[in-house]
Structures are given as C-alpha cells and as structure tokens.
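Novice: Sharing input-v4.pdb (PDB, C-alpha atoms) below.
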```
ATOM      1  CA  GLN A   6       0.000   0.000   0.000
ATOM      2  CA  PRO A   7       1.386   3.445  -0.952
ATOM      3  CA  LYS A   8       2.828   5.517   1.856
ATOM      4  CA  GLY A   9       0.706   8.569   2.682
ATOM      5  CA  LEU A  10       1.599  12.158   1.919
ATOM      6  CA  SER A  11       3.563  14.435   4.216
ATOM      7  CA  ILE A  12       1.334  17.515   4.523
ATOM      8  CA  LEU A  13       1.946  21.001   5.900
ATOM      9  CA  PHE A  14      -1.398  22.485   6.955
ATOM     10  CA  ALA A  15      -1.475  26.242   7.607
ATOM     11  CA  ASP A  16      -4.613  27.976   8.883
ATOM     12  CA  ASP A  17      -5.283  30.569  11.579
ATOM     13  CA  GLU A  18      -8.523  28.874  12.714
ATOM     14  CA  ASP A  19      -7.747  26.805  15.816
ATOM     15  CA  ALA A  20     -10.768  24.509  15.405
ATOM     16  CA  LEU A  21      -9.902  23.681  11.782
ATOM     17  CA  ARG A  22      -6.265  22.980  12.629
ATOM     18  CA  ASP A  23      -7.360  20.618  15.376
ATOM     19  CA  LEU A  24      -9.780  18.908  12.991
ATOM     20  CA  MET A  25      -7.146  18.411  10.304
ATOM     21  CA  ALA A  26      -4.580  17.226  12.843
ATOM     22  CA  MET A  27      -7.060  14.467  13.668
ATOM     23  CA  GLU A  28      -8.596  13.671  10.271
ATOM     24  CA  LEU A  29      -5.557  13.752   7.956
ATOM     25  CA  PRO A  30      -3.735  10.975   9.868
ATOM     26  CA  ARG A  31      -6.957   8.939   9.679
ATOM     27  CA  MET A  32      -6.691   9.255   5.897
ATOM     28  CA  GLY A  33      -3.176   7.813   6.115
ATOM     29  CA  HIS A  34      -1.206  11.046   5.853
ATOM     30  CA  LYS A  35       1.341  12.731   8.111
ATOM     31  CA  VAL A  36       0.446  16.310   9.029
ATOM     32  CA  THR A  37       2.308  19.278  10.493
ATOM     33  CA  ALA A  38       0.009  22.166  11.468
ATOM     34  CA  CYS A  39       0.938  25.874  11.545
ATOM     35  CA  PRO A  40      -1.202  28.797  12.802
ATOM     36  CA  ASP A  41      -0.026  31.430  10.291
ATOM     37  CA  GLY A  42       2.004  32.131   7.174
ATOM     38  CA  ARG A  43       5.168  33.111   9.010
ATOM     39  CA  SER A  44       5.413  29.813  10.894
ATOM     40  CA  ALA A  45       4.527  27.938   7.683
ATOM     41  CA  ILE A  46       7.478  29.479   5.837
ATOM     42  CA  ALA A  47       9.754  28.781   8.815
ATOM     43  CA  THR A  48       8.657  25.138   8.708
ATOM     44  CA  LEU A  49       9.245  24.945   4.949
ATOM     45  CA  GLN A  50      12.797  26.142   5.577
ATOM     46  CA  GLU A  51      13.370  23.110   7.795
ATOM     47  CA  GLN A  52      11.427  20.324   6.047
ATOM     48  CA  VAL A  53      10.309  19.156   2.613
ATOM     49  CA  PHE A  54       6.659  18.144   2.208
ATOM     50  CA  ASP A  55       4.665  16.361  -0.472
ATOM     51  CA  CYS A  56       1.782  18.806  -0.116
ATOM     52  CA  LEU A  57       1.013  22.253   1.296
ATOM     53  CA  LEU A  58      -2.588  22.800   2.355
ATOM     54  CA  VAL A  59      -2.917  26.506   3.100
ATOM     55  CA  ASP A  60      -5.608  29.050   3.931
ATOM     56  CA  LEU A  61      -5.400  32.139   1.719
ATOM     57  CA  ASP A  62      -6.887  34.598   4.190
ATOM     58  CA  MET A  63      -4.434  34.575   7.085
ATOM     59  CA  PRO A  64      -3.252  37.708   8.937
ATOM     60  CA  GLY A  65       0.301  38.856   8.302
ATOM     61  CA  ILE A  66       1.870  36.677   5.625
ATOM     62  CA  SER A  67      -0.890  35.509   3.289
ATOM     63  CA  GLY A  68      -1.372  32.063   1.829
ATOM     64  CA  ILE A  69      -0.344  33.332  -1.601
ATOM     65  CA  GLU A  70       2.984  34.535  -0.195
ATOM     66  CA  VAL A  71       3.519  31.095   1.351
ATOM     67  CA  ILE A  72       2.851  29.475  -2.046
ATOM     68  CA  ARG A  73       5.266  31.848  -3.776
ATOM     69  CA  TYR A  74       7.971  30.915  -1.263
ATOM     70  CA  LEU A  75       7.153  27.221  -1.651
ATOM     71  CA  LYS A  76       7.394  27.219  -5.445
ATOM     72  CA  GLU A  77      10.696  29.086  -5.329
ATOM     73  CA  HIS A  78      12.324  26.705  -2.857
ATOM     74  CA  SER A  79      10.471  23.399  -3.297
ATOM     75  CA  PRO A  80       8.748  23.453  -6.701
ATOM     76  CA  GLU A  81       7.860  19.754  -6.633
ATOM     77  CA  THR A  82       5.682  20.180  -3.521
ATOM     78  CA  GLU A  83       2.017  20.410  -4.490
ATOM     79  CA  ALA A  84      -0.067  23.263  -3.071
ATOM     80  CA  ILE A  85      -3.809  23.243  -2.352
ATOM     81  CA  VAL A  86      -5.503  26.420  -1.172
ATOM     82  CA  LEU A  87      -8.466  26.844   1.139
ATOM     83  CA  THR A  88     -10.586  29.927   0.551
ATOM     84  CA  GLY A  89     -13.998  31.397   1.296
ATOM     85  CA  LYS A  90     -16.546  31.591  -1.512
ATOM     86  CA  GLN A  91     -16.075  35.364  -1.565
ATOM     87  CA  SER A  92     -12.361  34.975  -2.353
ATOM     88  CA  LEU A  93     -12.435  32.805  -5.457
ATOM     89  CA  GLU A  94     -10.433  35.435  -7.346
ATOM     90  CA  SER A  95      -7.652  34.931  -4.811
ATOM     91  CA  ALA A  96      -7.819  31.186  -5.415
ATOM     92  CA  VAL A  97      -7.372  31.740  -9.141
ATOM     93  CA  LEU A  98      -4.389  33.998  -8.414
ATOM     94  CA  ALA A  99      -2.900  31.332  -6.146
ATOM     95  CA  MET A 100      -3.152  28.803  -8.970
ATOM     96  CA  ARG A 101      -1.278  31.215 -11.221
ATOM     97  CA  TYR A 102       1.508  31.136  -8.632
ATOM     98  CA  GLY A 103       1.608  27.343  -8.722
ATOM     99  CA  ALA A 104      -1.247  25.929  -6.619
ATOM    100  CA  CYS A 105      -2.654  22.779  -8.226
ATOM    101  CA  ASP A 106      -6.206  23.080  -6.857
ATOM    102  CA  TYR A 107      -8.415  24.835  -4.342
ATOM    103  CA  LEU A 108     -11.226  24.008  -1.929
ATOM    104  CA  THR A 109     -13.855  26.418  -0.670
ATOM    105  CA  LYS A 110     -14.433  26.622   3.082
ATOM    106  CA  PRO A 111     -15.985  24.888   4.825
ATOM    107  CA  CYS A 112     -14.526  22.053   2.752
ATOM    108  CA  ARG A 113     -15.979  18.546   2.786
ATOM    109  CA  LEU A 114     -13.631  15.899   4.140
ATOM    110  CA  THR A 115     -14.674  13.468   1.402
ATOM    111  CA  GLU A 116     -13.678  16.013  -1.247
ATOM    112  CA  LEU A 117     -10.341  16.630   0.450
ATOM    113  CA  LYS A 118      -9.734  12.881   0.787
ATOM    114  CA  GLU A 119     -10.306  12.323  -2.952
ATOM    115  CA  LEU A 120      -8.013  15.221  -3.887
ATOM    116  CA  LEU A 121      -5.207  13.967  -1.650
ATOM    117  CA  ALA A 122      -5.614  10.443  -3.044
ATOM    118  CA  THR A 123      -5.101  11.873  -6.537
ATOM    119  CA  LEU A 124      -1.933  13.673  -5.408
ATOM    120  CA  LEU A 125      -0.667  10.479  -3.779
ATOM    121  CA  LYS A 126      -1.079   8.525  -7.024
ATOM    122  CA  ARG A 127       0.640  11.338  -8.936
ATOM    123  CA  ARG A 128       3.556  11.421  -6.492
ATOM    124  CA  ASP A 129       4.116   7.666  -6.725
ATOM    125  CA  THR A 130       3.860   7.744 -10.527
ATOM    126  CA  VAL A 131       6.462  10.533 -10.716
ATOM    127  CA  LYS A 132       8.805   8.624  -8.392
ATOM    128  CA  GLN A 133       8.492   5.482 -10.509
ATOM    129  CA  LEU A 134       9.097   7.510 -13.661
ATOM    130  CA  HIS A 135      12.241   9.120 -12.242
ATOM    131  CA  ALA A 136      13.520   5.719 -11.108
ATOM    132  CA  SER A 137      12.852   4.252 -14.546
ATOM    133  CA  ARG A 138      14.625   7.129 -16.300
ATOM    134  CA  ARG A 139      17.640   6.896 -14.029
ATOM    135  CA  GLN A 140      17.828   3.167 -14.715
ATOM    136  CA  SER A 141      17.504   3.581 -18.474
ATOM    137  CA  ALA A 142      20.040   6.409 -18.428
ATOM    138  CA  SER A 143      22.669   4.048 -17.086
ATOM    139  CA  SER A 144      22.372   1.882 -20.214
ATOM    140  CA  SER A 145      21.649   4.566 -22.797
ATOM    141  CA  GLN A 146      23.935   6.445 -25.158
ATOM    142  CA  THR A 147      24.545   8.961 -22.392
ATOM    143  CA  GLN A 148      26.457   6.384 -20.362
ATOM    144  CA  LEU A 149      30.078   7.205 -19.745
ATOM    145  CA  ILE A 150      32.133   4.142 -20.700
ATOM    146  CA  GLY A 151      35.494   3.231 -19.231
ATOM    147  CA  ASP A 152      37.031   1.670 -16.126
ATOM    148  CA  HIS A 153      40.007   3.989 -15.747
ATOM    149  CA  PRO A 154      40.114   5.620 -12.286
ATOM    150  CA  SER A 155      39.765   9.053 -13.881
ATOM    151  CA  MET A 156      36.566   8.006 -15.690
ATOM    152  CA  GLN A 157      35.215   6.366 -12.544
ATOM    153  CA  ALA A 158      35.760   9.671 -10.723
ATOM    154  CA  VAL A 159      33.846  11.526 -13.457
ATOM    155  CA  LYS A 160      30.956   9.037 -13.215
ATOM    156  CA  LYS A 161      30.722   9.467  -9.440
ATOM    157  CA  LEU A 162      30.781  13.250  -9.736
ATOM    158  CA  VAL A 163      28.038  13.222 -12.395
ATOM    159  CA  ALA A 164      25.843  10.972 -10.224
ATOM    160  CA  LYS A 165      26.388  13.355  -7.297
ATOM    161  CA  VAL A 166      25.560  16.645  -9.015
ATOM    162  CA  ALA A 167      22.892  15.494 -11.517
ATOM    163  CA  PRO A 168      19.923  15.280  -9.051
ATOM    164  CA  THR A 169      20.652  18.771  -7.638
ATOM    165  CA  ASN A 170      19.763  22.279  -8.849
ATOM    166  CA  SER A 171      23.420  23.315  -8.990
ATOM    167  CA  THR A 172      24.939  24.927 -12.071
ATOM    168  CA  VAL A 173      27.633  22.658 -13.554
ATOM    169  CA  LEU A 174      30.669  23.909 -15.492
ATOM    170  CA  ILE A 175      32.359  21.236 -17.640
ATOM    171  CA  ARG A 176      35.852  22.093 -18.910
ATOM    172  CA  GLY A 177      38.230  20.274 -21.226
ATOM    173  CA  GLU A 178      39.989  20.265 -24.556
ATOM    174  CA  THR A 179      38.117  19.987 -27.842
ATOM    175  CA  GLY A 180      36.976  16.413 -28.465
ATOM    176  CA  CYS A 181      37.409  15.170 -24.900
ATOM    177  CA  GLY A 182      33.665  14.512 -24.450
ATOM    178  CA  LYS A 183      32.281  17.571 -22.642
ATOM    179  CA  GLU A 184      28.905  17.311 -24.366
ATOM    180  CA  LEU A 185      28.656  13.599 -23.524
ATOM    181  CA  VAL A 186      29.231  14.455 -19.859
ATOM    182  CA  ALA A 187      26.576  17.201 -20.100
ATOM    183  CA  ARG A 188      24.100  14.750 -21.638
ATOM    184  CA  SER A 189      24.844  12.255 -18.876
ATOM    185  CA  VAL A 190      24.158  14.939 -16.242
ATOM    186  CA  HIS A 191      20.860  15.802 -17.959
ATOM    187  CA  ALA A 192      19.795  12.147 -18.272
ATOM    188  CA  GLN A 193      20.252  11.574 -14.527
ATOM    189  CA  SER A 194      18.648  14.862 -13.458
ATOM    190  CA  LEU A 195      15.079  15.637 -12.374
ATOM    191  CA  ARG A 196      14.708  17.519 -15.686
ATOM    192  CA  SER A 197      15.431  14.453 -17.817
ATOM    193  CA  ALA A 198      11.941  14.604 -19.355
ATOM    194  CA  LYS A 199      12.695  18.052 -20.773
ATOM    195  CA  PRO A 200      14.755  18.673 -23.946
ATOM    196  CA  PHE A 201      18.532  18.821 -23.871
ATOM    197  CA  VAL A 202      19.697  21.872 -25.846
ATOM    198  CA  ALA A 203      23.332  22.009 -26.985
ATOM    199  CA  VAL A 204      24.568  25.470 -28.023
ATOM    200  CA  ASN A 205      27.865  25.999 -29.853
ATOM    201  CA  CYS A 206      28.906  29.297 -28.291
ATOM    202  CA  GLY A 207      32.029  29.418 -30.472
ATOM    203  CA  ALA A 208      29.831  29.875 -33.537
ATOM    204  CA  LEU A 209      27.865  32.785 -32.034
ATOM    205  CA  PRO A 210      28.812  36.496 -31.888
ATOM    206  CA  GLU A 211      29.797  37.683 -28.415
ATOM    207  CA  ILE A 212      26.893  40.140 -28.178
ATOM    208  CA  LEU A 213      24.433  37.347 -28.962
ATOM    209  CA  ILE A 214      25.915  35.070 -26.304
ATOM    210  CA  ILE A 215      25.538  37.770 -23.659
ATOM    211  CA  SER A 216      21.846  38.255 -24.483
ATOM    212  CA  PHE A 217      21.127  34.559 -25.077
ATOM    213  CA  GLN A 218      18.517  33.092 -22.723
ATOM    214  CA  LEU A 219      16.751  29.765 -22.929
ATOM    215  CA  PRO A 220      12.965  29.734 -22.376
ATOM    216  CA  SER A 221      11.938  28.558 -18.917
TER     217      SER A 221
END
```
Would you write out, as structure tokens, the structure that this file holds?
Specialist:
Amino acid sequence: QPKGLSILFADDEDALRDLMAMELPRMGHKVTACPDGRSAIATLQEQVFDCLLVDLDMPGISGIEVIRYLKEHSPETEAIVLTGKQSLESAVLAMRYGACDYLTKPCRLTELKELLATLLKRRDTVKQLHASRRQSASSSQTQLIGDHPSMQAVKKLVAKVAPTNSTVLIRGETGCGKELVARSVHAQSLRSAKPFVAVNCGALPEILIISFQLPS
C-alpha cells in the first residue's frame, strides 16, 4: 500500500487545525500544522513536504505569499488552497503562482480525501518515472564508458551533481567529451523529461551570447 503524503497544513482557525490534525492521519497522511504564514514558511525552511494545504486569508503573511515561497524553494511540492466563496479570485491567483487546486471553506472531508488520493497517485507515478529514467540512463547512449580511475571519478561526480539544482561547469579540450558528460548529467537529473539543448557558443557572436537566454 502506498505511503501517505507528508502535509503542511497552515490555517489561523484553531478549530480547523485541530480537525485536520485528527482527520488527515486517519486518511493515512502525516500532518504538520501551523497557525499562520510566518510559521509555515519557517517550517518549509526546515522540512520538505509532499503537499502544502494553506488558507489564503491569514493575517500577516498571506497564503499566496507562502505558495510563492514554496514554489521558489520546493517546486515539486504540491499546493492546495483553502478559501472562502467570496475569495475565489484569490484562489485563481494562487493557482497562477503554482497551486494545483483549491477548496472552498468549509470544505468537505470526502472532497479533500479524494483530492489527496489523486496527489498520492501522482507522487508515486512521478517517483516510478524518475527511477525508470535513471535506470535507463545508465544503459543509454549517455552512459560514460570506461574503467580507468579518472573516468570512474567523473561518473561518481556526475551521479552526485545530476539530481541537484546546482549549475555545472564542464571544462576540457576539444573532443574530450564535454557534451557527452553534459548529456549524462541531464539524463540523470530531475529535468530528464525536458529537452537537452546544446549550443555551440564558439559559432555565435559575443553580443548574442551575452543576451542569449533559454525559455523557462
């Protein structure tokens, strides 16, 4: 049976926090509850969650600001917003900032349960897909071949940096295989489903290189 979601629930209503702290574990999920946006962001700085369930209308730091912080620092975490019927425009804005869905308050537990079950299936599918891609990458044309200690060191370094968000600079003489190393990094990264774009900077004017920017 799939492991439940880790959920950060942020809402300034004490009764609703208490309810969710009781009901979400009954649904099979692990929940951390916060009373406001500031404590939610502080918690996000310390932990990574599968899902953020956040009220939009909190005093101080709003739910939208929490979502903006979340998507900047943990883009793979899903966000669901809770909002009153009079604030549907805010819910639409929150979805523009990266929320995947919204529920109007008072939300029905059955509706929330179905939504979280969908996210759980999506999370497990994504994990399986990443695992499959990493496995296929090891036997694809992006594989670095060779048993020399120097090549083994390159392989270990690629495996270490590929799953991160770090910028990687690959240096070497012409023909030594820099692009192959770059393709190997891409194949083992979380962006492996996206295109790999190779740009020959030596064939471009300097002014064009300076202004060159790939689409996000």
Novice: May I ask which of the residues A:Phe54, A:Lys35, A:Leu87, A:His191 is the closest one to A:Glu18, counting all atoms listed in the file?
Specialist: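 Under the stated criterion, the closest residue is A:Leu87.
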Novice: When you count all atoms listed in the file, which of these residues is closest to A:Thr109: A:Thr172, A:Asn205, A:Thr88, A:Ser67?
Specialist: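 Closest to A:Thr109 of all the choices is A:Thr88.
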Novice: If you measure from atom CA of A:Ile46 to atom CA of A:Leu195, what distance in Å do you get, rounded to one decimal?
Specialist: 24.1 Å
Novice: Go through A:Asp106, A:Glu77, A:Glu70, A:Asp62 one by one, measure the shortest atom-to-atom distance of each to A:Gly89 using all atoms listed in the file, and give the residue with the smallest value.
Specialist: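 Of all the options, A:Asp62 lies closest to A:Gly89.
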Novice: Select, from A:Ala47, A:Leu57, A:Leu29, A:Ile175, the residue with the minimum atom-to-atom distance to A:Phe14, counting all atoms listed in the file.
Specialist: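 Answer, going by the shortest atom-to-atom distance: A:Leu57.
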Novice: Show me, as a PyMOL selection string, the residues that have an atom within 12 Å of A:Phe201 when counting only C-alpha atoms, minus same-chain residues fewer than 6 positions from it.
Specialist: chain A and resi 147+184-185+187-194+219
Novice: Quick check, in Å to one decimal: how far apart do atom CA of A:Asp55 and atom CA of A:Glu81 lie?
Specialist: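 Those two atoms sit 7.7 Å apart.
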Novice: Quick one: distance from atom CA of A:Pro200 to atom CA of A:Val159 in Å, one decimal?
Specialist: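 Pair atom CA of A:Pro200 / atom CA of A:Val159 returns 22.9 Å.
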Novice: Can you list what the PyMOL selection byres ((chain A and resi 13) around 8) grabs from this structure, as a PyMOL selection string?
Specialist: chain A and resi 11-12+14-15+36-39+45+54+56-59
Novice: Rank A:Leu49, A:Leu149, A:Met156, A:Pro168 by their smallest atom-to-atom distance to A:Val186, using all atoms listed in the file, and report the top residue only.
Specialist: A:Leu149
Novice: Do you know which residues the PyMOL selection byres ((chain A and resi 121) around 10) returns on this file, as a PDB file with C-alpha atoms, in the frame of the given file?
Specialist:
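File produced: part13.pdb:
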```pdb
ATOM      1  CA  GLY A   9       0.706   8.569   2.682  1.00  0.00           C
ATOM      2  CA  LEU A  10       1.599  12.158   1.919  1.00  0.00           C
ATOM      3  CA  ILE A  12       1.334  17.515   4.523  1.00  0.00           C
ATOM      4  CA  LEU A  29      -5.557  13.752   7.956  1.00  0.00           C
ATOM      5  CA  MET A  32      -6.691   9.255   5.897  1.00  0.00           C
ATOM      6  CA  HIS A  34      -1.206  11.046   5.853  1.00  0.00           C
ATOM      7  CA  CYS A  56       1.782  18.806  -0.116  1.00  0.00           C
ATOM      8  CA  ILE A  85      -3.809  23.243  -2.352  1.00  0.00           C
ATOM      9  CA  THR A 115     -14.674  13.468   1.402  1.00  0.00           C
ATOM     10  CA  GLU A 116     -13.678  16.013  -1.247  1.00  0.00           C
ATOM     11  CA  LEU A 117     -10.341  16.630   0.450  1.00  0.00           C
ATOM     12  CA  LYS A 118      -9.734  12.881   0.787  1.00  0.00           C
ATOM     13  CA  GLU A 119     -10.306  12.323  -2.952  1.00  0.00           C
ATOM     14  CA  LEU A 120      -8.013  15.221  -3.887  1.00  0.00           C
ATOM     15  CA  ALA A 122      -5.614  10.443  -3.044  1.00  0.00           C
ATOM     16  CA  THR A 123      -5.101  11.873  -6.537  1.00  0.00           C
ATOM     17  CA  LEU A 124      -1.933  13.673  -5.408  1.00  0.00           C
ATOM     18  CA  LEU A 125      -0.667  10.479  -3.779  1.00  0.00           C
ATOM     19  CA  LYS A 126      -1.079   8.525  -7.024  1.00  0.00           C
ATOM     20  CA  ARG A 127       0.640  11.338  -8.936  1.00  0.00           C
TER      21      ARG A 127
END
```
Novice: Output file request: stretch 23-137 of chain A, with C-alpha atoms, as a PDB file, in the first residue's frame.
Specialist:
```pdb
ATOM      1  CA  ASP A  23      -7.360  20.618  15.376  1.00  0.00           C
ATOM      2  CA  LEU A  24      -9.780  18.908  12.991  1.00  0.00           C
ATOM      3  CA  MET A  25      -7.146  18.411  10.304  1.00  0.00           C
ATOM      4  CA  ALA A  26      -4.580  17.226  12.843  1.00  0.00           C
ATOM      5  CA  MET A  27      -7.060  14.467  13.668  1.00  0.00           C
ATOM      6  CA  GLU A  28      -8.596  13.671  10.271  1.00  0.00           C
ATOM      7  CA  LEU A  29      -5.557  13.752   7.956  1.00  0.00           C
ATOM      8  CA  PRO A  30      -3.735  10.975   9.868  1.00  0.00           C
ATOM      9  CA  ARG A  31      -6.957   8.939   9.679  1.00  0.00           C
ATOM     10  CA  MET A  32      -6.691   9.255   5.897  1.00  0.00           C
ATOM     11  CA  GLY A  33      -3.176   7.813   6.115  1.00  0.00           C
ATOM     12  CA  HIS A  34      -1.206  11.046   5.853  1.00  0.00           C
ATOM     13  CA  LYS A  35       1.341  12.731   8.111  1.00  0.00           C
ATOM     14  CA  VAL A  36       0.446  16.310   9.029  1.00  0.00           C
ATOM     15  CA  THR A  37       2.308  19.278  10.493  1.00  0.00           C
ATOM     16  CA  ALA A  38       0.009  22.166  11.468  1.00  0.00           C
ATOM     17  CA  CYS A  39       0.938  25.874  11.545  1.00  0.00           C
ATOM     18  CA  PRO A  40      -1.202  28.797  12.802  1.00  0.00           C
ATOM     19  CA  ASP A  41      -0.026  31.430  10.291  1.00  0.00           C
ATOM     20  CA  GLY A  42       2.004  32.131   7.174  1.00  0.00           C
ATOM     21  CA  ARG A  43       5.168  33.111   9.010  1.00  0.00           C
ATOM     22  CA  SER A  44       5.413  29.813  10.894  1.00  0.00           C
ATOM     23  CA  ALA A  45       4.527  27.938   7.683  1.00  0.00           C
ATOM     24  CA  ILE A  46       7.478  29.479   5.837  1.00  0.00           C
ATOM     25  CA  ALA A  47       9.754  28.781   8.815  1.00  0.00           C
ATOM     26  CA  THR A  48       8.657  25.138   8.708  1.00  0.00           C
ATOM     27  CA  LEU A  49       9.245  24.945   4.949  1.00  0.00           C
ATOM     28  CA  GLN A  50      12.797  26.142   5.577  1.00  0.00           C
ATOM     29  CA  GLU A  51      13.370  23.110   7.795  1.00  0.00           C
ATOM     30  CA  GLN A  52      11.427  20.324   6.047  1.00  0.00           C
ATOM     31  CA  VAL A  53      10.309  19.156   2.613  1.00  0.00           C
ATOM     32  CA  PHE A  54       6.659  18.144   2.208  1.00  0.00           C
ATOM     33  CA  ASP A  55       4.665  16.361  -0.472  1.00  0.00           C
ATOM     34  CA  CYS A  56       1.782  18.806  -0.116  1.00  0.00           C
ATOM     35  CA  LEU A  57       1.013  22.253   1.296  1.00  0.00           C
ATOM     36  CA  LEU A  58      -2.588  22.800   2.355  1.00  0.00           C
ATOM     37  CA  VAL A  59      -2.917  26.506   3.100  1.00  0.00           C
ATOM     38  CA  ASP A  60      -5.608  29.050   3.931  1.00  0.00           C
ATOM     39  CA  LEU A  61      -5.400  32.139   1.719  1.00  0.00           C
ATOM     40  CA  ASP A  62      -6.887  34.598   4.190  1.00  0.00           C
ATOM     41  CA  MET A  63      -4.434  34.575   7.085  1.00  0.00           C
ATOM     42  CA  PRO A  64      -3.252  37.708   8.937  1.00  0.00           C
ATOM     43  CA  GLY A  65       0.301  38.856   8.302  1.00  0.00           C
ATOM     44  CA  ILE A  66       1.870  36.677   5.625  1.00  0.00           C
ATOM     45  CA  SER A  67      -0.890  35.509   3.289  1.00  0.00           C
ATOM     46  CA  GLY A  68      -1.372  32.063   1.829  1.00  0.00           C
ATOM     47  CA  ILE A  69      -0.344  33.332  -1.601  1.00  0.00           C
ATOM     48  CA  GLU A  70       2.984  34.535  -0.195  1.00  0.00           C
ATOM     49  CA  VAL A  71       3.519  31.095   1.351  1.00  0.00           C
ATOM     50  CA  ILE A  72       2.851  29.475  -2.046  1.00  0.00           C
ATOM     51  CA  ARG A  73       5.266  31.848  -3.776  1.00  0.00           C
ATOM     52  CA  TYR A  74       7.971  30.915  -1.263  1.00  0.00           C
ATOM     53  CA  LEU A  75       7.153  27.221  -1.651  1.00  0.00           C
ATOM     54  CA  LYS A  76       7.394  27.219  -5.445  1.00  0.00           C
ATOM     55  CA  GLU A  77      10.696  29.086  -5.329  1.00  0.00           C
ATOM     56  CA  HIS A  78      12.324  26.705  -2.857  1.00  0.00           C
ATOM     57  CA  SER A  79      10.471  23.399  -3.297  1.00  0.00           C
ATOM     58  CA  PRO A  80       8.748  23.453  -6.701  1.00  0.00           C
ATOM     59  CA  GLU A  81       7.860  19.754  -6.633  1.00  0.00           C
ATOM     60  CA  THR A  82       5.682  20.180  -3.521  1.00  0.00           C
ATOM     61  CA  GLU A  83       2.017  20.410  -4.490  1.00  0.00           C
ATOM     62  CA  ALA A  84      -0.067  23.263  -3.071  1.00  0.00           C
ATOM     63  CA  ILE A  85      -3.809  23.243  -2.352  1.00  0.00           C
ATOM     64  CA  VAL A  86      -5.503  26.420  -1.172  1.00  0.00           C
ATOM     65  CA  LEU A  87      -8.466  26.844   1.139  1.00  0.00           C
ATOM     66  CA  THR A  88     -10.586  29.927   0.551  1.00  0.00           C
ATOM     67  CA  GLY A  89     -13.998  31.397   1.296  1.00  0.00           C
ATOM     68  CA  LYS A  90     -16.546  31.591  -1.512  1.00  0.00           C
ATOM     69  CA  GLN A  91     -16.075  35.364  -1.565  1.00  0.00           C
ATOM     70  CA  SER A  92     -12.361  34.975  -2.353  1.00  0.00           C
ATOM     71  CA  LEU A  93     -12.435  32.805  -5.457  1.00  0.00           C
ATOM     72  CA  GLU A  94     -10.433  35.435  -7.346  1.00  0.00           C
ATOM     73  CA  SER A  95      -7.652  34.931  -4.811  1.00  0.00           C
ATOM     74  CA  ALA A  96      -7.819  31.186  -5.415  1.00  0.00           C
ATOM     75  CA  VAL A  97      -7.372  31.740  -9.141  1.00  0.00           C
ATOM     76  CA  LEU A  98      -4.389  33.998  -8.414  1.00  0.00           C
ATOM     77  CA  ALA A  99      -2.900  31.332  -6.146  1.00  0.00           C
ATOM     78  CA  MET A 100      -3.152  28.803  -8.970  1.00  0.00           C
ATOM     79  CA  ARG A 101      -1.278  31.215 -11.221  1.00  0.00           C
ATOM     80  CA  TYR A 102       1.508  31.136  -8.632  1.00  0.00           C
ATOM     81  CA  GLY A 103       1.608  27.343  -8.722  1.00  0.00           C
ATOM     82  CA  ALA A 104      -1.247  25.929  -6.619  1.00  0.00           C
ATOM     83  CA  CYS A 105      -2.654  22.779  -8.226  1.00  0.00           C
ATOM     84  CA  ASP A 106      -6.206  23.080  -6.857  1.00  0.00           C
ATOM     85  CA  TYR A 107      -8.415  24.835  -4.342  1.00  0.00           C
ATOM     86  CA  LEU A 108     -11.226  24.008  -1.929  1.00  0.00           C
ATOM     87  CA  THR A 109     -13.855  26.418  -0.670  1.00  0.00           C
ATOM     88  CA  LYS A 110     -14.433  26.622   3.082  1.00  0.00           C
ATOM     89  CA  PRO A 111     -15.985  24.888   4.825  1.00  0.00           C
ATOM     90  CA  CYS A 112     -14.526  22.053   2.752  1.00  0.00           C
ATOM     91  CA  ARG A 113     -15.979  18.546   2.786  1.00  0.00           C
ATOM     92  CA  LEU A 114     -13.631  15.899   4.140  1.00  0.00           C
ATOM     93  CA  THR A 115     -14.674  13.468   1.402  1.00  0.00           C
ATOM     94  CA  GLU A 116     -13.678  16.013  -1.247  1.00  0.00           C
ATOM     95  CA  LEU A 117     -10.341  16.630   0.450  1.00  0.00           C
ATOM     96  CA  LYS A 118      -9.734  12.881   0.787  1.00  0.00           C
ATOM     97  CA  GLU A 119     -10.306  12.323  -2.952  1.00  0.00           C
ATOM     98  CA  LEU A 120      -8.013  15.221  -3.887  1.00  0.00           C
ATOM     99  CA  LEU A 121      -5.207  13.967  -1.650  1.00  0.00           C
ATOM    100  CA  ALA A 122      -5.614  10.443  -3.044  1.00  0.00           C
ATOM    101  CA  THR A 123      -5.101  11.873  -6.537  1.00  0.00           C
ATOM    102  CA  LEU A 124      -1.933  13.673  -5.408  1.00  0.00           C
ATOM    103  CA  LEU A 125      -0.667  10.479  -3.779  1.00  0.00           C
ATOM    104  CA  LYS A 126      -1.079   8.525  -7.024  1.00  0.00           C
ATOM    105  CA  ARG A 127       0.640  11.338  -8.936  1.00  0.00           C
ATOM    106  CA  ARG A 128       3.556  11.421  -6.492  1.00  0.00           C
ATOM    107  CA  ASP A 129       4.116   7.666  -6.725  1.00  0.00           C
ATOM    108  CA  THR A 130       3.860   7.744 -10.527  1.00  0.00           C
ATOM    109  CA  VAL A 131       6.462  10.533 -10.716  1.00  0.00           C
ATOM    110  CA  LYS A 132       8.805   8.624  -8.392  1.00  0.00           C
ATOM    111  CA  GLN A 133       8.492   5.482 -10.509  1.00  0.00           C
ATOM    112  CA  LEU A 134       9.097   7.510 -13.661  1.00  0.00           C
ATOM    113  CA  HIS A 135      12.241   9.120 -12.242  1.00  0.00           C
ATOM    114  CA  ALA A 136      13.520   5.719 -11.108  1.00  0.00           C
ATOM    115  CA  SER A 137      12.852   4.252 -14.546  1.00  0.00           C
TER     116      SER A 137
END
```
